[in-house]
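Everything on this sheet refers to the single structure shown next.
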Amino acid sequence: MSKRKQYSPEFKREAVELARRSGTSCRQIAQEIGVAPSLLNRWVREARAAEKPFPGTGNPRDEELARLKRELARVMKERDFLKDAAVGSTGQCYILRPSKRWTSTYDRHQVARTFSSAETRTLE
(Lines give C-alpha, C1' and ligand atoms only; values in the text may rest on other atoms or scores of the structure.)
Protein backbone atom coordinates (compact mmCIF):
# COMPACT_ATOMS: atom_id res chain seq x y z
CA MET A 1 0.00 0.00 0.00
CA SER A 2 1.46 3.33 -1.01
CA LYS A 3 1.69 6.32 1.27
CA ARG A 4 -0.38 9.36 0.38
CA LYS A 5 1.62 12.27 -0.99
CA GLN A 6 1.43 15.46 1.06
CA TYR A 7 1.62 18.83 -0.66
CA SER A 8 2.82 21.98 1.04
CA PRO A 9 0.44 24.94 1.47
CA GLU A 10 2.73 27.02 -0.78
CA PHE A 11 2.46 24.45 -3.56
CA LYS A 12 -1.33 24.40 -3.20
CA ARG A 13 -1.53 28.22 -3.30
CA GLU A 14 0.65 28.39 -6.41
CA ALA A 15 -1.40 25.69 -8.14
CA VAL A 16 -4.65 27.52 -7.35
CA GLU A 17 -3.22 30.82 -8.60
CA LEU A 18 -2.06 29.13 -11.80
CA ALA A 19 -5.53 27.64 -12.32
CA ARG A 20 -7.17 31.02 -11.77
CA ARG A 21 -4.79 33.12 -13.90
CA SER A 22 -4.37 30.84 -16.90
CA GLY A 23 -7.12 30.38 -19.44
CA THR A 24 -6.63 26.62 -19.58
CA SER A 25 -8.72 24.02 -17.81
CA CYS A 26 -7.97 22.63 -14.37
CA ARG A 27 -7.52 19.17 -15.89
CA GLN A 28 -4.70 20.35 -18.14
CA ILE A 29 -2.96 22.27 -15.34
CA ALA A 30 -3.30 19.28 -12.99
CA GLN A 31 -1.62 17.02 -15.57
CA GLU A 32 1.19 19.54 -16.04
CA ILE A 33 1.99 19.82 -12.32
CA GLY A 34 1.45 16.12 -11.63
CA VAL A 35 -1.64 16.06 -9.41
CA ALA A 36 -5.06 14.54 -9.89
CA PRO A 37 -7.59 16.90 -11.53
CA SER A 38 -10.13 16.29 -8.78
CA LEU A 39 -7.53 17.28 -6.18
CA LEU A 40 -6.79 20.57 -7.94
CA ASN A 41 -10.52 21.25 -8.28
CA ARG A 42 -10.93 20.68 -4.53
CA TRP A 43 -8.08 23.08 -3.76
CA VAL A 44 -9.70 25.74 -5.96
CA ARG A 45 -13.08 25.23 -4.24
CA GLU A 46 -11.50 25.44 -0.78
CA ALA A 47 -9.63 28.61 -1.73
CA ARG A 48 -12.84 30.16 -3.08
CA ALA A 49 -14.75 29.22 0.10
CA ALA A 50 -12.04 30.74 2.30
CA GLU A 51 -12.48 34.11 0.55
CA LYS A 52 -16.15 34.42 1.47
CA PRO A 53 -16.79 36.85 4.34
CA PHE A 54 -19.38 34.48 5.85
CA PRO A 55 -18.30 30.90 5.22
CA GLY A 56 -21.49 29.48 6.80
CA THR A 57 -24.33 28.03 4.78
CA GLY A 58 -26.71 30.90 5.53
CA ASN A 59 -26.44 34.52 4.59
CA PRO A 60 -25.62 37.23 7.18
CA ARG A 61 -29.22 38.43 7.36
CA ASP A 62 -30.45 34.97 8.38
CA GLU A 63 -27.71 34.65 10.99
CA GLU A 64 -28.60 38.07 12.45
CA LEU A 65 -32.29 37.13 12.49
CA ALA A 66 -31.55 33.88 14.31
CA ARG A 67 -29.39 35.73 16.86
CA LEU A 68 -32.13 38.29 17.47
CA LYS A 69 -34.75 35.56 17.90
CA ARG A 70 -32.56 33.82 20.51
CA GLU A 71 -32.07 37.11 22.33
CA LEU A 72 -35.81 37.86 22.23
CA ALA A 73 -36.62 34.43 23.67
CA ARG A 74 -34.12 34.98 26.48
CA VAL A 75 -35.50 38.43 27.31
CA MET A 76 -39.10 37.15 27.24
CA LYS A 77 -38.14 34.32 29.61
CA GLU A 78 -36.58 36.84 32.00
CA ARG A 79 -39.65 39.07 31.77
CA ASP A 80 -42.01 36.19 32.50
CA PHE A 81 -39.88 35.14 35.46
CA LEU A 82 -39.95 38.64 36.92
CA LYS A 83 -43.68 38.96 36.26
CA ASP A 84 -44.34 35.68 38.07
CA ALA A 85 -42.14 36.78 40.95
CA ALA A 86 -44.01 40.07 41.26
CA VAL A 87 -47.57 38.70 41.03
CA GLY A 88 -48.44 35.44 42.73
CA SER A 89 -51.20 32.94 41.99
CA THR A 90 -53.70 34.99 44.02
CA GLY A 91 -53.24 37.98 41.73
CA GLN A 92 -51.86 40.14 44.51
CA CYS A 93 -48.85 42.24 43.70
CA TYR A 94 -46.04 41.30 46.09
CA ILE A 95 -43.90 44.30 45.24
CA LEU A 96 -46.52 47.01 45.59
CA ARG A 97 -48.79 46.35 48.55
CA PRO A 98 -50.82 49.45 49.19
CA SER A 99 -51.19 50.33 52.83
CA LYS A 100 -54.39 51.81 54.29
CA ARG A 101 -52.76 55.21 54.51
CA TRP A 102 -51.66 55.00 50.88
CA THR A 103 -55.11 54.01 49.61
CA SER A 104 -56.84 56.69 51.63
CA THR A 105 -54.48 59.36 50.30
CA TYR A 106 -54.65 58.47 46.59
CA ASP A 107 -57.59 57.61 44.38
CA ARG A 108 -57.45 53.95 43.34
CA HIS A 109 -58.37 54.67 39.71
CA GLN A 110 -55.84 57.45 39.42
CA VAL A 111 -53.09 55.13 40.64
CA ALA A 112 -54.30 52.34 38.36
CA ARG A 113 -53.89 54.56 35.29
CA THR A 114 -50.18 54.95 36.00
CA PHE A 115 -49.55 51.21 35.80
CA SER A 116 -49.85 48.86 32.85
CA SER A 117 -53.04 46.90 32.26
CA ALA A 118 -51.59 43.77 33.94
CA GLU A 119 -50.81 45.66 37.09
CA THR A 120 -54.17 47.45 36.94
CA ARG A 121 -56.00 44.15 37.36
CA THR A 122 -54.04 43.37 40.52
CA LEU A 123 -54.94 46.71 42.11
CA GLU A 124 -58.70 46.40 41.60
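Ordered as shown in the C-alpha coordinates, chains take letters A, B, and onward, while each chain numbers its residues from 1 and ligands are numbered from 1 in the order shown.
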When you look at Arg42 in chain A with a cut-off of 12 Å (counting only C-alpha atoms), what residues show up, excluding the ones that are within fewer than 3 positions of it in the same chain? I need them as a PyMOL selection string. chain A and resi 12+15-16+19+26-27+30+35-39+45-49
Output of the above residues as an mmCIF file, in the first residue's frame, restricted to N, CA and C atoms:
data_model
loop_
_atom_site.group_PDB
_atom_site.id
_atom_site.type_symbol
_atom_site.label_atom_id
_atom_site.label_comp_id
_atom_site.auth_asym_id
_atom_site.auth_seq_id
_atom_site.Cartn_x
_atom_site.Cartn_y
_atom_site.Cartn_z
ATOM 1 N N LYS A 12 0.115 24.334 -2.947
ATOM 2 C CA LYS A 12 -1.325 24.403 -3.202
ATOM 3 C C LYS A 12 -1.729 25.805 -3.644
ATOM 4 N N ALA A 15 -0.592 26.444 -7.186
ATOM 5 C CA ALA A 15 -1.402 25.695 -8.143
ATOM 6 C C ALA A 15 -2.766 26.360 -8.339
ATOM 7 N N VAL A 16 -3.351 26.840 -7.266
ATOM 8 C CA VAL A 16 -4.646 27.517 -7.346
ATOM 9 C C VAL A 16 -4.504 28.816 -8.129
ATOM 10 N N ALA A 19 -4.228 28.033 -11.759
ATOM 11 C CA ALA A 19 -5.525 27.643 -12.316
ATOM 12 C C ALA A 19 -6.429 28.857 -12.516
ATOM 13 N N CYS A 26 -8.620 23.191 -15.565
ATOM 14 C CA CYS A 26 -7.973 22.626 -14.366
ATOM 15 C C CYS A 26 -7.381 21.263 -14.658
ATOM 16 N N ARG A 27 -8.009 20.510 -15.548
ATOM 17 C CA ARG A 27 -7.517 19.172 -15.892
ATOM 18 C C ARG A 27 -6.133 19.264 -16.534
ATOM 19 N N ALA A 30 -3.563 20.384 -13.919
ATOM 20 C CA ALA A 30 -3.303 19.284 -12.988
ATOM 21 C C ALA A 30 -2.353 18.269 -13.608
ATOM 22 N N VAL A 35 -0.650 16.398 -10.431
ATOM 23 C CA VAL A 35 -1.643 16.059 -9.405
ATOM 24 C C VAL A 35 -2.924 15.617 -10.088
ATOM 25 N N ALA A 36 -3.777 14.979 -9.340
ATOM 26 C CA ALA A 36 -5.059 14.536 -9.889
ATOM 27 C C ALA A 36 -5.957 15.753 -10.138
ATOM 28 N N PRO A 37 -6.718 15.759 -11.243
ATOM 29 C CA PRO A 37 -7.593 16.899 -11.533
ATOM 30 C C PRO A 37 -8.628 17.166 -10.438
ATOM 31 N N SER A 38 -9.130 16.099 -9.842
ATOM 32 C CA SER A 38 -10.129 16.290 -8.780
ATOM 33 C C SER A 38 -9.502 16.970 -7.556
ATOM 34 N N LEU A 39 -8.222 16.662 -7.310
ATOM 35 C CA LEU A 39 -7.532 17.279 -6.183
ATOM 36 C C LEU A 39 -7.345 18.778 -6.415
ATOM 37 N N ARG A 45 -11.826 25.036 -4.988
ATOM 38 C CA ARG A 45 -13.083 25.228 -4.235
ATOM 39 C C ARG A 45 -12.806 25.696 -2.814
ATOM 40 N N GLU A 46 -11.843 25.064 -2.156
ATOM 41 C CA GLU A 46 -11.499 25.442 -0.778
ATOM 42 C C GLU A 46 -10.961 26.864 -0.710
ATOM 43 N N ALA A 47 -10.165 27.239 -1.699
ATOM 44 C CA ALA A 47 -9.633 28.613 -1.727
ATOM 45 C C ALA A 47 -10.761 29.614 -1.958
ATOM 46 N N ARG A 48 -11.695 29.276 -2.816
ATOM 47 C CA ARG A 48 -12.837 30.164 -3.079
ATOM 48 C C ARG A 48 -13.718 30.282 -1.830
ATOM 49 N N ALA A 49 -13.916 29.196 -1.115
ATOM 50 C CA ALA A 49 -14.755 29.221 0.095
ATOM 51 C C ALA A 49 -14.080 30.025 1.206
#
Separation of CA of Ala85 in chain A from CA of Leu72 in chain A in Å: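 Going from CA of Leu72 in chain A over to CA of Ala85 in chain A, I get 19.8 Å.
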What does the structure give for the distance between CA of Gly23 in chain A and CA of Trp43 in chain A, in Å to one decimal?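 Distance between the two atoms: 17.3 Å.
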